[in-house]
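**Student:** Can you keep this structure in mind? I'll have questions shortly.
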Amino acid sequence: NGENDLAGYNIYRSETSDGDYNTIARNLTSNSFIDNTVNTGQQYFYAIRAVDKALNRSEYSNIANATASGGKDLVTLLQFNGNSMDTTY
C-alpha cells in the first residue's frame, strides 16, 4: 500500500466462501503470513483488509482459498500485482 498512514493488514478466514470471516491476524506489516491453526484436509477462505493509523479499513480483498495438506508445501501465494499498493479505497 502506498499510503503514508498505513498501519498494517488484517487477515480474515472462513470455512465457507459466504460464511462469517474471523480475524486471524492483525496489523501485519509484511507481505507474507503462515496460518498454523488449520486442520488437514479442510478448505479455508481468506480475505485481507488494509488498516491505516486512524483505524480506517479498506474493503475486503478478493477471496483466496486453499485446502490444508498437512505438508510443508506452499498452498497459496497471494501476489500484489507487482507492488503492495492497495487500490480498493
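In the C-alpha cells, chains take letters A, B, ... by order of appearance, with residues numbered from 1 within each chain and ligands from 1 in the order shown.
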Could you name the residues that touch Tyr60 of chain A at 10 Å or less, counting only C-alpha atoms, but leaving out those on the same chain fewer than 5 positions away, as a ChimeraX atom specification?
**Tutor:** /A:10-12,46-50,88-89
**Student:** Mind writing the picked residues with C-alpha atoms as an mmCIF file, in the first residue's frame?
**Tutor:**
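Saved result, result.cif, follows:
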```cif
data_model
loop_
_atom_site.group_PDB
_atom_site.id
_atom_site.type_symbol
_atom_site.label_atom_id
_atom_site.label_comp_id
_atom_site.auth_asym_id
_atom_site.auth_seq_id
_atom_site.Cartn_x
_atom_site.Cartn_y
_atom_site.Cartn_z
ATOM 1 C CA ASN A 10 -5.695 -7.734 8.894
ATOM 2 C CA ILE A 11 -6.282 -11.287 7.676
ATOM 3 C CA TYR A 12 -9.681 -12.955 7.886
ATOM 4 C CA TYR A 46 -9.135 -15.856 3.212
ATOM 5 C CA ALA A 47 -9.548 -12.104 2.783
ATOM 6 C CA ILE A 48 -7.293 -9.161 3.650
ATOM 7 C CA ARG A 49 -8.022 -5.553 4.609
ATOM 8 C CA ALA A 50 -5.579 -2.666 4.886
ATOM 9 C CA THR A 88 -9.526 -0.634 -3.127
ATOM 10 C CA TYR A 89 -10.097 2.577 -1.148
#
```
**Student:** Provide the atom CA of Phe33 of chain A to atom CA of Leu55 of chain A distance in Å, to one decimal place.
**Tutor:**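 Distance between the two atoms: 20.8 Å.
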**Student:** Contacts of Ala7 of chain A at 9 Å or less, counting only C-alpha atoms, minus same-chain residues fewer than 2 places along, as a list in words?
**Tutor:**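 What passes the distance filter is Asn4, Asp5, Tyr9, Asn27, Leu28, Thr29, Ala50, Val51, Asp52, Lys53, Ala54 and Leu55 of chain A.
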**Student:** Just write the chosen residues, N, CA and C atoms, as a PDB file, in the first residue's frame.
**Tutor:**
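New file out.pdb:
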```pdb
ATOM      1  N   ASN A   4       0.802   6.800   3.200  1.00  0.00           N
ATOM      2  CA  ASN A   4       1.776   7.125   4.240  1.00  0.00           C
ATOM      3  C   ASN A   4       1.310   6.729   5.627  1.00  0.00           C
ATOM      4  N   ASP A   5       0.002   6.620   5.827  1.00  0.00           N
ATOM      5  CA  ASP A   5      -0.508   6.318   7.165  1.00  0.00           C
ATOM      6  C   ASP A   5      -0.930   4.855   7.324  1.00  0.00           C
ATOM      7  N   TYR A   9      -2.014  -4.791   7.858  1.00  0.00           N
ATOM      8  CA  TYR A   9      -3.067  -5.564   7.208  1.00  0.00           C
ATOM      9  C   TYR A   9      -3.681  -6.526   8.216  1.00  0.00           C
ATOM     10  N   ASN A  27      -2.702  -6.189  12.043  1.00  0.00           N
ATOM     11  CA  ASN A  27      -1.593  -5.244  11.916  1.00  0.00           C
ATOM     12  C   ASN A  27      -0.311  -5.857  11.373  1.00  0.00           C
ATOM     13  N   LEU A  28      -0.450  -6.782  10.419  1.00  0.00           N
ATOM     14  CA  LEU A  28       0.740  -7.343   9.770  1.00  0.00           C
ATOM     15  C   LEU A  28       1.385  -6.267   8.907  1.00  0.00           C
ATOM     16  N   THR A  29       2.681  -6.204   8.929  1.00  0.00           N
ATOM     17  CA  THR A  29       3.388  -5.234   8.096  1.00  0.00           C
ATOM     18  C   THR A  29       4.198  -5.909   7.003  1.00  0.00           C
ATOM     19  N   ALA A  50      -6.597  -3.606   4.427  1.00  0.00           N
ATOM     20  CA  ALA A  50      -5.579  -2.666   4.886  1.00  0.00           C
ATOM     21  C   ALA A  50      -6.206  -1.797   5.976  1.00  0.00           C
ATOM     22  N   VAL A  51      -5.388  -1.418   6.969  1.00  0.00           N
ATOM     23  CA  VAL A  51      -5.839  -0.565   8.062  1.00  0.00           C
ATOM     24  C   VAL A  51      -4.855   0.592   8.204  1.00  0.00           C
ATOM     25  N   ASP A  52      -5.395   1.824   8.301  1.00  0.00           N
ATOM     26  CA  ASP A  52      -4.496   2.959   8.479  1.00  0.00           C
ATOM     27  C   ASP A  52      -4.367   3.318   9.957  1.00  0.00           C
ATOM     28  N   LYS A  53      -3.553   4.319  10.264  1.00  0.00           N
ATOM     29  CA  LYS A  53      -3.268   4.673  11.652  1.00  0.00           C
ATOM     30  C   LYS A  53      -4.484   5.246  12.379  1.00  0.00           C
ATOM     31  N   ALA A  54      -5.496   5.710  11.635  1.00  0.00           N
ATOM     32  CA  ALA A  54      -6.738   6.190  12.240  1.00  0.00           C
ATOM     33  C   ALA A  54      -7.762   5.061  12.360  1.00  0.00           C
ATOM     34  N   LEU A  55      -7.338   3.824  12.061  1.00  0.00           N
ATOM     35  CA  LEU A  55      -8.155   2.603  12.115  1.00  0.00           C
ATOM     36  C   LEU A  55      -9.228   2.529  11.035  1.00  0.00           C
TER      37      LEU A  55
END
```
**Student:** When you look at segment 34-44 of chain A with a cut-off of 7 Å (counting only C-alpha atoms), what residues show up, excluding the ones that are within fewer than 5 positions of it in the same chain? I need them as a ChimeraX atom specification.
**Tutor:** /A:13-16,65-70
**Student:** Give me a file of those residues, with N, CA, C and O atoms, as an mmCIF file, in the first residue's frame.
**Tutor:**
```
data_model
loop_
_atom_site.group_PDB
_atom_site.id
_atom_site.type_symbol
_atom_site.label_atom_id
_atom_site.label_comp_id
_atom_site.auth_asym_id
_atom_site.auth_seq_id
_atom_site.Cartn_x
_atom_site.Cartn_y
_atom_site.Cartn_z
ATOM 1 N N ARG A 13 -10.436 -15.279 7.954
ATOM 2 C CA ARG A 13 -10.573 -16.639 7.451
ATOM 3 C C ARG A 13 -11.980 -17.154 7.737
ATOM 4 O O ARG A 13 -12.574 -16.861 8.767
ATOM 5 N N SER A 14 -12.483 -17.972 6.789
ATOM 6 C CA SER A 14 -13.766 -18.644 6.950
ATOM 7 C C SER A 14 -13.630 -20.060 6.410
ATOM 8 O O SER A 14 -12.753 -20.349 5.603
ATOM 9 N N GLU A 15 -14.529 -20.948 6.841
ATOM 10 C CA GLU A 15 -14.548 -22.309 6.307
ATOM 11 C C GLU A 15 -15.503 -22.433 5.130
ATOM 12 O O GLU A 15 -15.558 -23.492 4.500
ATOM 13 N N THR A 16 -16.243 -21.372 4.801
ATOM 14 C CA THR A 16 -17.113 -21.338 3.621
ATOM 15 C C THR A 16 -16.934 -20.007 2.927
ATOM 16 O O THR A 16 -16.652 -18.994 3.577
ATOM 17 N N ASN A 65 -8.667 -19.035 -1.648
ATOM 18 C CA ASN A 65 -8.980 -20.257 -0.914
ATOM 19 C C ASN A 65 -7.848 -21.268 -1.051
ATOM 20 O O ASN A 65 -7.093 -21.249 -2.016
ATOM 21 N N ALA A 66 -7.759 -22.123 -0.026
ATOM 22 C CA ALA A 66 -6.725 -23.159 -0.005
ATOM 23 C C ALA A 66 -7.210 -24.301 0.871
ATOM 24 O O ALA A 66 -8.015 -24.105 1.786
ATOM 25 N N THR A 67 -6.724 -25.508 0.583
ATOM 26 C CA THR A 67 -7.022 -26.668 1.402
ATOM 27 C C THR A 67 -5.740 -27.096 2.093
ATOM 28 O O THR A 67 -4.712 -27.287 1.446
ATOM 29 N N ALA A 68 -5.816 -27.219 3.414
ATOM 30 C CA ALA A 68 -4.647 -27.591 4.198
ATOM 31 C C ALA A 68 -4.230 -29.023 3.865
ATOM 32 O O ALA A 68 -5.028 -29.943 3.974
ATOM 33 N N SER A 69 -2.981 -29.193 3.466
ATOM 34 C CA SER A 69 -2.492 -30.508 3.048
ATOM 35 C C SER A 69 -1.832 -31.283 4.182
ATOM 36 O O SER A 69 -1.661 -32.496 4.092
ATOM 37 N N GLY A 70 -1.425 -30.585 5.219
ATOM 38 C CA GLY A 70 -0.692 -31.234 6.298
ATOM 39 C C GLY A 70 0.798 -31.252 6.043
ATOM 40 O O GLY A 70 1.584 -31.531 6.926
#
```
**Student:** Among segment 29-81 of chain A, which residues carry a DSSP assignment of strand (DSSP E or B), reported as a ChimeraX atom specification?
**Tutor:** /A:43-52,57,64-67
**Student:** Write a file of the just-selected residues containing N, CA, C and O atoms, as a tab-separated table (two decimals), in the first residue's frame.
**Tutor:**
```
chain	number	residue	atom	x	y	z
A	43	GLN	N	-10.85	-27.07	3.77
A	43	GLN	CA	-10.71	-25.93	2.86
A	43	GLN	C	-11.00	-24.65	3.64
A	43	GLN	O	-11.93	-24.60	4.45
A	44	TYR	N	-10.18	-23.63	3.40
A	44	TYR	CA	-10.32	-22.33	4.05
A	44	TYR	C	-10.39	-21.23	3.01
A	44	TYR	O	-9.82	-21.35	1.92
A	45	PHE	N	-11.05	-20.15	3.37
A	45	PHE	CA	-11.20	-18.98	2.52
A	45	PHE	C	-10.63	-17.78	3.28
A	45	PHE	O	-10.88	-17.62	4.47
A	46	TYR	N	-9.85	-16.96	2.58
A	46	TYR	CA	-9.14	-15.86	3.21
A	46	TYR	C	-9.44	-14.53	2.51
A	46	TYR	O	-9.63	-14.49	1.30
A	47	ALA	N	-9.43	-13.47	3.30
A	47	ALA	CA	-9.55	-12.10	2.78
A	47	ALA	C	-8.61	-11.21	3.60
A	47	ALA	O	-8.26	-11.54	4.74
A	48	ILE	N	-8.22	-10.10	3.02
A	48	ILE	CA	-7.29	-9.16	3.65
A	48	ILE	C	-7.89	-7.76	3.58
A	48	ILE	O	-8.55	-7.40	2.60
A	49	ARG	N	-7.65	-6.97	4.61
A	49	ARG	CA	-8.02	-5.55	4.61
A	49	ARG	C	-6.83	-4.74	5.08
A	49	ARG	O	-6.14	-5.12	6.03
A	50	ALA	N	-6.60	-3.61	4.43
A	50	ALA	CA	-5.58	-2.67	4.89
A	50	ALA	C	-6.21	-1.80	5.98
A	50	ALA	O	-7.39	-1.48	5.93
A	51	VAL	N	-5.39	-1.42	6.97
A	51	VAL	CA	-5.84	-0.56	8.06
A	51	VAL	C	-4.85	0.59	8.20
A	51	VAL	O	-3.64	0.38	8.21
A	52	ASP	N	-5.39	1.82	8.30
A	52	ASP	CA	-4.50	2.96	8.48
A	52	ASP	C	-4.37	3.32	9.96
A	52	ASP	O	-4.99	2.69	10.82
A	57	ARG	N	-10.48	1.12	7.57
A	57	ARG	CA	-10.17	-0.13	6.88
A	57	ARG	C	-10.60	-0.05	5.42
A	57	ARG	O	-11.62	0.55	5.09
A	64	ALA	N	-9.35	-15.56	-1.43
A	64	ALA	CA	-8.43	-16.63	-1.84
A	64	ALA	C	-8.81	-17.87	-1.05
A	64	ALA	O	-9.27	-17.77	0.09
A	65	ASN	N	-8.67	-19.03	-1.65
A	65	ASN	CA	-8.98	-20.26	-0.91
A	65	ASN	C	-7.85	-21.27	-1.05
A	65	ASN	O	-7.09	-21.25	-2.02
A	66	ALA	N	-7.76	-22.12	-0.03
A	66	ALA	CA	-6.73	-23.16	0.00
A	66	ALA	C	-7.21	-24.30	0.87
A	66	ALA	O	-8.02	-24.10	1.79
A	67	THR	N	-6.72	-25.51	0.58
A	67	THR	CA	-7.02	-26.67	1.40
A	67	THR	C	-5.74	-27.10	2.09
A	67	THR	O	-4.71	-27.29	1.45
```
